[in-house]
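So this one's protein.csv, CSV, C-alpha atoms:
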chain,number,residue,atom,x,y,z
N,1,MET,CA,4.5,20.6,18.6
N,2,MET,CA,5.1,19.3,15.1
N,3,ARG,CA,8.9,19.0,16.0
N,4,ILE,CA,8.0,16.8,18.9
N,5,PHE,CA,6.1,14.4,16.7
N,6,ILE,CA,8.9,14.3,14.1
N,7,LEU,CA,11.3,13.3,16.9
N,8,ALA,CA,9.0,10.5,17.9
N,9,SER,CA,8.5,9.4,14.3
N,10,ILE,CA,12.2,9.0,13.8
N,11,LEU,CA,12.2,6.3,16.5
N,12,ALA,CA,10.0,4.0,14.6
N,13,PRO,CA,10.1,4.3,10.8
N,14,SER,CA,13.9,4.5,10.7
N,15,ILE,CA,13.9,0.9,11.9
N,16,ALA,CA,12.9,0.1,8.4
N,17,PHE,CA,16.6,-0.7,7.7
N,18,THR,CA,16.1,-3.8,9.7
N,19,THR,CA,12.8,-5.0,8.4
N,20,HIS,CA,10.5,-6.7,5.8
N,21,SER,CA,7.6,-9.2,5.8
N,22,HIS,CA,6.4,-12.5,4.5
N,23,ALA,CA,3.8,-12.5,1.6
N,24,ARG,CA,0.2,-12.8,2.5
N,25,LEU,CA,-1.9,-15.5,0.8
N,26,ASN,CA,-3.7,-14.4,-2.3
N,27,LYS,CA,-1.3,-11.4,-2.6
N,28,ILE,CA,-1.4,-9.8,-6.1
N,29,SER,CA,0.9,-7.4,-7.8
N,30,VAL,CA,0.2,-4.3,-9.9
N,31,SER,CA,0.8,-6.4,-13.1
N,32,SER,CA,-1.6,-9.2,-12.0
N,33,LEU,CA,-4.3,-6.6,-11.1
N,34,LEU,CA,-3.7,-5.0,-14.5
N,35,LYS,CA,-4.1,-8.4,-16.2
N,36,SER,CA,-7.4,-9.0,-14.5
N,37,TYR,CA,-8.8,-5.7,-15.9
N,38,ILE,CA,-7.6,-6.4,-19.4
N,39,ASP,CA,-9.1,-9.9,-19.3
N,40,SER,CA,-12.4,-8.3,-18.4
N,41,LEU,CA,-12.6,-6.1,-21.4
N,42,GLU,CA,-15.4,-6.8,-23.8
N,43,THR,CA,-14.9,-6.5,-27.6
N,44,SER,CA,-18.3,-4.8,-28.3
N,45,ASP,CA,-18.6,-1.2,-29.0
N,46,PRO,CA,-19.5,0.5,-25.7
N,47,SER,CA,-21.5,3.2,-27.5
N,48,VAL,CA,-24.0,0.7,-28.8
N,49,ASP,CA,-26.8,-0.3,-26.4
N,50,THR,CA,-27.6,-4.0,-27.1
N,51,SER,CA,-29.4,-4.8,-23.9
N,52,SER,CA,-32.8,-4.8,-25.7
N,53,ALA,CA,-31.7,-6.4,-29.0
N,54,GLU,CA,-33.8,-9.3,-30.2
N,55,GLU,CA,-32.3,-12.6,-31.0
N,56,VAL,CA,-33.0,-13.3,-34.7
N,57,PRO,CA,-32.2,-16.8,-35.8
N,58,VAL,CA,-30.0,-17.1,-38.9
N,59,LYS,CA,-29.8,-20.5,-40.5
N,60,SER,CA,-27.6,-21.9,-43.2
N,61,GLY,CA,-28.4,-25.5,-44.1
N,62,ASN,CA,-28.7,-27.4,-40.8
N,63,ILE,CA,-26.5,-25.0,-38.8
N,64,ASP,CA,-28.3,-22.6,-36.4
N,65,PHE,CA,-26.5,-19.3,-35.9
N,66,THR,CA,-28.9,-18.0,-33.2
N,67,PRO,CA,-26.8,-15.8,-30.8
N,68,LYS,CA,-26.5,-17.6,-27.5
N,69,GLU,CA,-26.1,-14.4,-25.5
N,70,VAL,CA,-26.1,-10.7,-26.1
N,71,ARG,CA,-22.8,-9.0,-25.2
N,72,THR,CA,-23.1,-6.1,-22.8
N,73,PRO,CA,-21.3,-2.7,-23.2
N,74,VAL,CA,-17.9,-2.2,-21.5
N,75,ASP,CA,-18.1,-0.5,-18.0
N,76,SER,CA,-17.1,3.1,-18.6
N,77,THR,CA,-14.6,2.9,-15.7
N,78,THR,CA,-12.7,0.0,-17.1
N,79,PRO,CA,-10.5,1.8,-19.7
N,80,LEU,CA,-9.8,4.5,-17.1
N,81,LYS,CA,-8.6,1.9,-14.5
N,82,THR,CA,-6.7,0.0,-17.2
N,83,ASN,CA,-4.8,3.2,-18.3
N,84,LEU,CA,-4.1,4.2,-14.7
N,85,LEU,CA,-2.7,0.7,-13.9
N,86,LEU,CA,-0.5,0.8,-17.1
N,87,LEU,CA,1.0,4.1,-15.8
N,88,SER,CA,1.5,2.6,-12.3
N,89,ALA,CA,2.9,-0.8,-13.4
N,90,GLY,CA,5.9,0.7,-15.1
N,91,SER,CA,6.8,3.3,-12.6
N,92,ASP,CA,6.9,1.6,-9.1
N,93,ARG,CA,3.4,2.7,-8.2
N,94,GLY,CA,3.9,6.2,-9.6
N,95,GLN,CA,7.2,6.9,-7.9
N,96,ASN,CA,9.2,7.2,-11.1
N,97,LEU,CA,6.7,9.0,-13.3
N,98,PRO,CA,7.7,12.3,-14.9
N,99,THR,CA,5.5,15.3,-14.2
N,100,SER,CA,3.6,15.0,-17.5
N,101,GLN,CA,2.6,11.4,-16.7
N,102,LYS,CA,1.7,12.3,-13.1
N,103,LEU,CA,-0.7,14.9,-14.5
N,104,LYS,CA,-2.1,12.2,-16.9
N,105,ALA,CA,-2.6,9.9,-13.9
N,106,LEU,CA,-4.4,12.6,-12.0
N,107,GLU,CA,-6.7,13.2,-14.9
N,108,LEU,CA,-7.7,9.6,-14.9
N,109,ILE,CA,-8.2,9.6,-11.2
N,110,ASN,CA,-10.4,12.7,-11.4
N,111,GLU,CA,-12.5,11.0,-14.1
N,112,LEU,CA,-12.9,7.9,-12.0
N,113,GLU,CA,-14.0,10.0,-9.0
N,114,GLU,CA,-16.7,11.6,-11.0
N,115,LEU,CA,-18.0,8.1,-11.8
N,116,ASN,CA,-17.9,6.9,-8.2
N,117,PRO,CA,-20.6,4.2,-7.8
N,118,ASN,CA,-20.6,4.7,-4.0
N,119,PRO,CA,-21.1,8.4,-3.2
N,120,ASN,CA,-21.1,7.5,0.6
N,121,PRO,CA,-18.8,4.5,0.5
N,122,LEU,CA,-18.2,4.3,4.3
N,123,SER,CA,-21.7,4.8,5.4
N,124,GLU,CA,-23.4,2.0,7.3
N,125,SER,CA,-25.2,0.7,4.2
N,126,SER,CA,-22.0,0.6,2.1
N,127,SER,CA,-19.1,0.2,4.5
N,128,SER,CA,-18.8,-3.6,4.0
N,129,SER,CA,-17.4,-2.9,0.5
N,130,SER,CA,-14.4,-1.3,2.1
N,131,LEU,CA,-13.5,-4.2,4.3
N,132,GLY,CA,-10.6,-6.5,3.3
N,133,THR,CA,-7.0,-6.3,2.3
N,134,TRP,CA,-6.0,-3.6,-0.1
N,135,GLU,CA,-2.6,-3.3,-1.8
N,136,LEU,CA,-1.3,0.2,-2.8
N,137,VAL,CA,-0.9,0.3,-6.6
N,138,TYR,CA,-0.4,4.0,-7.1
N,139,SER,CA,0.5,7.0,-5.0
N,140,SER,CA,1.1,10.7,-5.9
N,141,THR,CA,3.5,11.0,-3.0
N,142,GLN,CA,5.9,8.8,-0.9
N,143,LEU,CA,4.4,5.3,-0.4
N,144,PHE,CA,4.9,5.4,3.3
N,145,ARG,CA,2.6,8.3,3.7
N,146,SER,CA,-0.3,5.9,3.3
N,147,SER,CA,0.5,4.7,6.8
N,148,PRO,CA,-1.8,6.2,9.6
N,149,PHE,CA,1.4,7.0,11.5
N,150,PHE,CA,2.6,9.5,8.9
N,151,MET,CA,-0.9,10.8,8.4
N,152,ALA,CA,-1.0,11.5,12.1
N,153,GLY,CA,2.3,13.2,11.9
N,154,ARG,CA,1.0,15.5,9.2
N,155,ALA,CA,-2.1,16.3,11.3
N,156,VAL,CA,0.1,17.6,14.1
N,157,CYS,CA,1.2,20.5,11.8
N,158,SER,CA,-1.0,23.5,12.5
N,159,THR,CA,0.5,26.0,10.0
N,160,GLU,CA,1.5,25.9,6.3
N,161,ASP,CA,5.1,26.4,7.4
N,162,GLU,CA,5.0,23.4,9.6
N,163,ALA,CA,3.4,21.4,6.8
N,164,ARG,CA,6.2,22.3,4.5
N,165,GLN,CA,8.7,21.2,7.1
N,166,TYR,CA,7.0,17.9,7.5
N,167,ASP,CA,7.1,17.4,3.7
N,168,TRP,CA,10.8,18.1,3.8
N,169,PHE,CA,11.2,15.5,6.6
N,170,CYS,CA,9.3,12.9,4.5
N,171,ASP,CA,11.6,13.6,1.6
N,172,MET,CA,14.6,13.1,3.8
N,173,HIS,CA,13.1,9.9,5.2
N,174,ARG,CA,12.6,8.6,1.7
N,175,GLY,CA,16.2,9.5,0.9
N,176,ALA,CA,17.3,7.5,4.0
N,177,LEU,CA,15.5,4.5,2.5
N,178,ALA,CA,17.2,4.9,-0.9
N,179,ILE,CA,19.5,1.9,-0.3
N,180,SER,CA,16.5,-0.3,0.5
N,181,THR,CA,13.8,-1.9,-1.6
N,182,ILE,CA,10.2,-1.2,-0.7
N,183,GLY,CA,8.0,-4.2,-1.2
N,184,LYS,CA,4.3,-4.6,-0.7
N,185,VAL,CA,2.4,-1.8,0.9
N,186,ARG,CA,-1.0,-2.8,2.3
N,187,GLN,CA,-4.0,-1.5,4.2
N,188,ILE,CA,-6.1,-4.1,6.0
N,189,ILE,CA,-9.5,-2.7,6.9
N,190,SER,CA,-11.9,-4.1,9.4
N,191,ALA,CA,-15.1,-2.5,10.8
N,192,THR,CA,-13.2,-0.4,13.3
N,193,ARG,CA,-9.5,-0.9,12.6
N,194,MET,CA,-6.9,0.0,9.9
N,195,THR,CA,-3.6,-1.9,9.8
N,196,SER,CA,-0.8,-0.7,7.5
N,197,GLU,CA,1.9,-3.1,6.5
N,198,PHE,CA,5.0,-1.7,4.8
N,199,GLU,CA,7.6,-4.2,3.6
N,200,VAL,CA,11.3,-3.3,3.3
N,201,LYS,CA,14.4,-5.2,2.3
N,202,VAL,CA,18.0,-4.0,2.5
N,203,GLY,CA,21.4,-5.6,1.8
N,204,SER,CA,23.0,-6.7,5.0
N,205,VAL,CA,26.7,-6.7,3.9
N,206,PRO,CA,27.5,-4.1,1.3
N,207,PHE,CA,30.9,-5.2,-0.1
N,208,LEU,CA,32.8,-8.5,0.1
N,209,SER,CA,36.2,-6.7,-0.3
N,210,ASP,CA,35.6,-5.0,3.1
N,211,PHE,CA,35.7,-8.3,4.9
N,212,THR,CA,37.5,-10.8,2.6
N,213,PRO,CA,40.5,-10.8,0.4
N,214,PHE,CA,38.2,-11.3,-2.7
N,215,ALA,CA,37.9,-8.5,-5.1
N,216,TYR,CA,34.2,-8.2,-6.0
N,217,SER,CA,32.1,-5.1,-6.7
N,218,GLY,CA,28.8,-6.5,-5.3
N,219,GLY,CA,27.6,-7.3,-1.9
N,220,TRP,CA,26.7,-10.5,-0.2
N,221,PRO,CA,23.4,-12.0,-1.4
N,222,VAL,CA,21.8,-11.9,2.0
N,223,THR,CA,19.3,-9.3,3.1
N,224,ILE,CA,17.7,-7.8,6.2
N,225,GLU,CA,13.9,-8.0,5.8
N,226,GLY,CA,10.8,-7.1,7.8
N,227,SER,CA,7.6,-5.2,7.9
N,228,ILE,CA,6.7,-1.9,9.6
N,229,VAL,CA,3.1,-2.4,10.9
N,230,SER,CA,1.1,0.6,12.0
N,231,SER,CA,-2.4,0.2,13.6
N,232,ALA,CA,-5.1,2.7,14.2
N,233,ASP,CA,-8.8,2.9,15.1
N,234,ILE,CA,-11.1,4.3,12.3
N,235,THR,CA,-14.5,5.9,12.6
N,236,PRO,CA,-16.6,6.9,9.6
N,237,CYS,CA,-17.3,10.6,9.3
N,238,LEU,CA,-18.3,13.4,6.8
N,239,ASP,CA,-21.5,11.6,5.8
N,240,GLY,CA,-19.7,8.3,5.2
N,241,THR,CA,-17.1,9.7,2.8
N,242,ALA,CA,-14.1,9.5,5.1
N,243,TRP,CA,-12.5,7.9,8.2
N,244,GLU,CA,-11.3,9.7,11.2
N,245,ILE,CA,-8.0,8.0,12.2
N,246,PHE,CA,-6.8,7.6,15.8
N,247,MET,CA,-3.3,6.3,15.6
N,248,ASP,CA,-2.4,3.5,18.1
N,249,THR,CA,0.8,1.5,17.7
N,250,VAL,CA,3.9,1.0,15.4
N,251,GLU,CA,5.8,-2.3,15.6
N,252,ILE,CA,8.3,-4.3,13.5
N,253,LYS,CA,7.1,-7.8,12.5
N,254,GLY,CA,8.8,-10.6,10.6
N,255,SER,CA,12.3,-9.3,11.1
N,256,ASN,CA,14.9,-11.9,10.0
N,257,ILE,CA,17.7,-10.6,12.3
N,258,PRO,CA,18.7,-13.2,14.9
N,259,GLY,CA,18.3,-12.0,18.4
N,260,LEU,CA,16.4,-8.8,17.5
N,261,ARG,CA,13.5,-10.9,16.2
N,262,GLN,CA,13.0,-12.5,19.6
N,263,ILE,CA,13.0,-9.1,21.3
N,264,LEU,CA,10.5,-7.6,18.8
N,265,ASP,CA,8.3,-10.7,19.0
N,266,ALA,CA,8.2,-10.2,22.8
N,267,GLY,CA,5.9,-7.2,22.2
N,268,VAL,CA,8.2,-4.3,21.7
N,269,LYS,CA,6.2,-1.5,20.0
N,270,LEU,CA,5.9,2.3,19.9
N,271,GLY,CA,2.6,3.3,21.6
N,272,SER,CA,2.0,6.6,19.8
N,273,ARG,CA,-1.4,7.0,21.5
N,274,ASP,CA,0.2,6.7,24.9
N,275,LEU,CA,2.9,9.1,23.9
N,276,GLY,CA,0.3,11.5,22.7
N,277,SER,CA,-1.7,11.2,25.9
N,278,PHE,CA,1.4,12.0,27.9
N,279,LEU,CA,2.1,15.1,25.7
N,280,GLU,CA,-1.6,16.2,26.1
N,281,THR,CA,-1.2,16.1,29.9
N,282,ASN,CA,2.1,18.0,30.0
N,283,VAL,CA,1.9,20.3,27.0
N,284,ASP,CA,-1.0,22.7,27.0
N,285,SER,CA,-1.1,23.3,23.2
N,286,TYR,CA,-0.9,19.6,22.2
N,287,THR,CA,-3.8,17.3,21.3
N,288,ASN,CA,-3.7,13.8,20.0
N,289,PRO,CA,-4.0,14.1,16.1
N,290,LYS,CA,-7.0,12.5,14.4
N,291,PRO,CA,-6.4,12.9,10.6
N,292,ILE,CA,-9.2,12.6,8.1
N,293,PHE,CA,-8.7,10.1,5.2
N,294,ARG,CA,-11.3,10.4,2.5
N,295,THR,CA,-12.5,7.7,0.1
N,296,THR,CA,-13.4,9.3,-3.2
N,297,TYR,CA,-14.0,6.1,-5.3
N,298,LEU,CA,-14.9,2.6,-4.3
N,299,ASP,CA,-16.0,-0.5,-6.1
N,300,ASP,CA,-15.2,-4.2,-5.6
N,301,GLN,CA,-11.7,-3.9,-7.1
N,302,ILE,CA,-10.4,-0.3,-6.7
N,303,ARG,CA,-10.4,2.2,-3.8
N,304,ILE,CA,-9.1,5.8,-4.3
N,305,SER,CA,-8.4,7.8,-1.1
N,306,ARG,CA,-7.0,11.2,-0.4
N,307,ASP,CA,-5.3,12.6,2.7
N,308,GLN,CA,-5.7,16.1,4.2
N,309,ASP,CA,-3.4,17.6,1.6
N,310,ASN,CA,-5.3,15.9,-1.3
N,311,LYS,CA,-2.5,13.5,-2.0
N,312,VAL,CA,-3.8,10.5,-3.8
N,313,PHE,CA,-3.5,6.8,-2.9
N,314,VAL,CA,-5.0,4.1,-5.2
N,315,TYR,CA,-5.5,0.6,-3.8
N,316,GLY,CA,-6.4,-2.7,-5.4
N,317,LYS,CA,-8.4,-5.2,-3.4
N,318,ILE,CA,-6.6,-8.5,-3.1
N,319,SER,CA,-8.9,-10.4,-0.6
N,320,ASP,CA,-11.7,-10.1,1.9
N,321,GLU,CA,-9.3,-10.9,4.8
N,322,THR,CA,-9.5,-8.4,7.7
N,323,ASP,CA,-6.8,-10.0,9.9
N,324,ALA,CA,-3.2,-8.7,9.9
N,325,SER,CA,-0.5,-10.9,8.3
N,326,ASP,CA,1.0,-13.8,10.3
N,327,TYR,CA,4.8,-13.4,10.4
N,328,SER,CA,5.6,-16.4,12.6
N,329,GLY,CA,6.9,-18.6,9.8
N,330,ILE,CA,9.7,-16.2,8.8
N,331,MET,CA,13.1,-17.5,9.9
N,332,ALA,CA,15.5,-15.2,11.8
N,333,ASP,CA,18.6,-16.1,9.8
N,334,LEU,CA,19.2,-13.1,7.5
N,335,GLY,CA,18.0,-15.2,4.6
N,336,VAL,CA,21.1,-17.5,4.9
N,337,ALA,CA,18.9,-20.7,4.8
N,338,LYS,CA,17.3,-19.5,1.6
N,339,LEU,CA,20.7,-18.7,0.1
N,340,LEU,CA,22.1,-22.1,0.9
N,341,GLU,CA,19.0,-23.8,-0.4
N,342,GLY,CA,19.3,-21.9,-3.7
N,343,PHE,CA,23.0,-22.7,-3.9
N,344,ASN,CA,22.3,-26.4,-3.4
N,345,ASP,CA,19.5,-26.5,-6.0
N,346,ALA,CA,21.6,-24.6,-8.6
N,347,VAL,CA,25.1,-26.0,-8.0
N,348,ILE,CA,25.6,-28.9,-5.5
N,349,LYS,CA,22.2,-30.6,-6.1
N,350,TYR,CA,22.7,-32.8,-3.0
N,351,TYR,CA,19.4,-34.1,-1.5
N,352,ILE,CA,18.7,-36.5,1.3
Mind turning the file's structure into structure tokens?
Amino acid sequence: MMRIFILASILAPSIAFTTHSHARLNKISVSSLLKSYIDSLETSDPSVDTSSAEEVPVKSGNIDFTPKEVRTPVDSTTPLKTNLLLLSAGSDRGQNLPTSQKLKALELINELEELNPNPNPLSESSSSSSLGTWELVYSSTQLFRSSPFFMAGRAVCSTEDEARQYDWFCDMHRGALAISTIGKVRQIISATRMTSEFEVKVGSVPFLSDFTPFAYSGGWPVTIEGSIVSSADITPCLDGTAWEIFMDTVEIKGSNIPGLRQILDAGVKLGSRDLGSFLETNVDSYTNPKPIFRTTYLDDQIRISRDQDNKVFVYGKISDETDASDYSGIMADLGVAKLLEGFNDAVIKYYI
């Protein structure tokens, strides 16, 4: 049955060559998230407890040197998060880390998980902390495997051999995306819903010499852009430490391809749940997959999650927004308008 799901999965993610999205308000990058942590560091010695220190006035002439406030120790998780983000920032969210550095990142993650301030982060009393928009800042595997679509695909595999085949398929899928640039990868979490947004950009015309008499080694500076958006229902489980994910739809939003954009905006989407129900009805051994996605660390800035194979995904919270991105403002012009605007600003400088 895993092969059936892989066949279905090829129909949607491969459209990534024709997609990308507009940036959400208040969006942050790994580097800006890193800066916020570094700025929050205190200069005091974290090993010294100054919470009960008395304020002793010290005077010199008419100048009063009484301490105005007592500095508090550094949160023990702060240096761990800072070091993890340093590894992530220079490696495309962990994608380009050598094995030794990946092991270092895993050590930092394990230490953070031991200091988890919310042992039941998705329970009714704590679940509000998980709501909002989260940007993927580190992954121990391919970035797109943070999508509920790919987690559902893995959940279809019932044997280790099928799981290895699925890992191979994901490697090949990443290879197919090698000519593209992966942008922001987000999870938007509401009380009952997870929306995954995966931005992609790819050059639309590889070489000028193929279409013009000009000899030039580069491509045209216009790109195909869009976002692969996967949506699923989520239900807290395992005593509030995980979500059970029930995959729903996959669609392409914010495409800048003329003509195709209008078709996609008309509501074209892959209803994986409907496909699964059809297979359940007609294939005795098939059941709709409901993968488990655990949260092993959660505070107001960082969430660490693991899939069923223990692959790690680290997210930084960028806002409390629980609605999916609005792509209506993206022009379906292959970026030509932006190109002409830039050319005018840099070269012609003609303004009305």
Stretch 244-247 of chain N, all listed atoms, 6 Å padding on each side: what axis-aligned box centre and edge lengths in Å to one decimal come out, as lines of an AutoDock Vina configuration file?
center_x = -7.3
center_y = 8.0
center_z = 13.5
size_x = 20.0
size_y = 15.4
size_z = 16.6
ask   = Which one of N:Asn344, N:Ser305, N:Asn256, N:Thr181 sits closest to N:Asn116 if you count all atoms listed in the file?
value =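 Nearest candidate to N:Asn116 out of N:Asn344, N:Ser305, N:Asn256, N:Thr181: N:Ser305.
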ask   = What is the distance, in Å and to one decimal place, between atom CA of N:Ile257 and atom CA of N:His173?
value =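 We find that atom CA of N:Ile257 and atom CA of N:His173 lie 22.2 Å from each other.
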Skipping near chain neighbours, those fewer than 3 positions away, what residues fall within 10 Å of stretch 322-327 of chain N using all atoms listed in the file, listed as a compact mmCIF listing (two decimals) with C-alpha atoms, in the frame of the given file?
# COMPACT_ATOMS: atom_id res chain seq x y z
CA HIS N 20 10.50 -6.70 5.80
CA SER N 21 7.60 -9.20 5.80
CA HIS N 22 6.40 -12.50 4.50
CA ALA N 23 3.80 -12.50 1.60
CA ARG N 24 0.20 -12.80 2.50
CA LEU N 25 -1.90 -15.50 0.80
CA LEU N 131 -13.50 -4.20 4.30
CA GLY N 132 -10.60 -6.50 3.30
CA THR N 133 -7.00 -6.30 2.30
CA TRP N 134 -6.00 -3.60 -0.10
CA ARG N 186 -1.00 -2.80 2.30
CA GLN N 187 -4.00 -1.50 4.20
CA ILE N 188 -6.10 -4.10 6.00
CA ILE N 189 -9.50 -2.70 6.90
CA SER N 190 -11.90 -4.10 9.40
CA ALA N 191 -15.10 -2.50 10.80
CA ARG N 193 -9.50 -0.90 12.60
CA MET N 194 -6.90 0.00 9.90
CA THR N 195 -3.60 -1.90 9.80
CA SER N 196 -0.80 -0.70 7.50
CA GLU N 197 1.90 -3.10 6.50
CA GLY N 226 10.80 -7.10 7.80
CA SER N 227 7.60 -5.20 7.90
CA VAL N 229 3.10 -2.40 10.90
CA SER N 231 -2.40 0.20 13.60
CA LYS N 253 7.10 -7.80 12.50
CA GLY N 254 8.80 -10.60 10.60
CA SER N 255 12.30 -9.30 11.10
CA ASP N 265 8.30 -10.70 19.00
CA SER N 319 -8.90 -10.40 -0.60
CA ILE N 330 9.70 -16.20 8.80
CA MET N 331 13.10 -17.50 9.90
query = Quick one: distance from atom CA of N:Leu97 to atom CA of N:Asn83 in Å, one decimal?
reply =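 Atom-to-atom, atom CA of N:Leu97 to atom CA of N:Asn83, that is 13.8 Å.
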query = How many Å lie between atom CA of N:Glu280 and atom CA of N:Leu264, rounded to one decimal?
reply =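 Value for the atom CA of N:Glu280-atom CA of N:Leu264 distance: 27.7 Å.
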query = Between N:Thr296, N:Thr223, N:Gln95, N:Thr249, which is the closest to N:Leu136 once you count only C-alpha atoms?
reply =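 Comparing N:Thr296, N:Thr223, N:Gln95, N:Thr249 against N:Leu136, the winner is N:Gln95.
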inquiry  = Taking all atoms listed in the file into account, name the residue in N:Pro291, N:Gly271, N:Gly90, N:Gly259 that is nearest to N:Phe150.
reply    =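 Of N:Pro291, N:Gly271, N:Gly90, N:Gly259, the one nearest N:Phe150, counting all atoms listed in the file, is N:Pro291.
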All residues 8 Å or closer to N:Ala155, all atoms listed in the file, same chain fewer than 2 positions away omitted, as an MDAnalysis selection string = chainID N and resid 151:153 157:158 289:291 308
ask   = Quick one: of N:Ile302, N:Phe246, N:Ala266, N:Asp309, who's nearest to N:Thr287, counting all atoms listed in the file?
value =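 Among the listed residues, the smallest separation from N:Thr287 belongs to N:Phe246.
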message = Could you check the closest approach to N:Tyr315 for each of N:Ala232, N:Val137, N:Ser127, N:Leu339 and tell me which residue wins, using all atoms listed in the file?
response =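 Nearest to N:Tyr315: N:Val137.
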Could I get stretch 115-121 of chain N rebuilt with all heavy atoms, written as a CSV table (one decimal), keeping the file's coordinate frame?
chain,number,residue,atom,x,y,z
N,115,LEU,N,-17.2,9.2,-11.6
N,115,LEU,CA,-18.0,8.1,-11.8
N,115,LEU,C,-18.2,7.2,-10.6
N,115,LEU,O,-18.6,6.0,-10.7
N,115,LEU,CB,-17.4,7.3,-13.0
N,115,LEU,CG,-17.3,8.0,-14.3
N,115,LEU,CD1,-16.5,7.2,-15.3
N,115,LEU,CD2,-18.7,8.4,-14.9
N,116,ASN,N,-17.8,7.7,-9.4
N,116,ASN,CA,-17.9,6.9,-8.2
N,116,ASN,C,-19.2,6.2,-8.0
N,116,ASN,O,-20.2,6.9,-7.9
N,116,ASN,CB,-17.5,7.8,-7.0
N,116,ASN,CG,-17.5,7.0,-5.7
N,116,ASN,OD1,-17.4,5.8,-5.7
N,116,ASN,ND2,-17.5,7.7,-4.6
N,117,PRO,N,-19.3,4.9,-8.0
N,117,PRO,CA,-20.6,4.2,-7.8
N,117,PRO,C,-21.1,4.3,-6.4
N,117,PRO,O,-22.3,3.9,-6.1
N,117,PRO,CB,-20.3,2.8,-8.3
N,117,PRO,CG,-18.9,2.6,-8.0
N,117,PRO,CD,-18.2,3.9,-8.2
N,118,ASN,N,-20.3,4.7,-5.5
N,118,ASN,CA,-20.6,4.7,-4.0
N,118,ASN,C,-20.4,6.1,-3.5
N,118,ASN,O,-19.3,6.4,-3.0
N,118,ASN,CB,-19.8,3.7,-3.2
N,118,ASN,CG,-20.2,2.3,-3.6
N,118,ASN,OD1,-21.3,1.8,-3.3
N,118,ASN,ND2,-19.3,1.6,-4.2
N,119,PRO,N,-21.3,7.0,-3.6
N,119,PRO,CA,-21.1,8.4,-3.2
N,119,PRO,C,-20.8,8.5,-1.7
N,119,PRO,O,-20.2,9.5,-1.2
N,119,PRO,CB,-22.3,9.1,-3.6
N,119,PRO,CG,-23.4,8.1,-3.8
N,119,PRO,CD,-22.6,6.9,-4.2
N,120,ASN,N,-21.3,7.6,-0.9
N,120,ASN,CA,-21.1,7.5,0.6
N,120,ASN,C,-20.5,6.1,0.9
N,120,ASN,O,-21.2,5.3,1.6
N,120,ASN,CB,-22.4,7.8,1.3
N,120,ASN,CG,-23.0,9.1,0.9
N,120,ASN,OD1,-24.0,9.1,0.1
N,120,ASN,ND2,-22.5,10.2,1.5
N,121,PRO,N,-19.3,5.9,0.5
N,121,PRO,CA,-18.8,4.5,0.5
N,121,PRO,C,-18.5,3.9,1.9
N,121,PRO,O,-18.5,2.7,2.1
N,121,PRO,CB,-17.4,4.7,-0.2
N,121,PRO,CG,-17.1,6.1,-0.1
N,121,PRO,CD,-18.4,6.8,-0.1
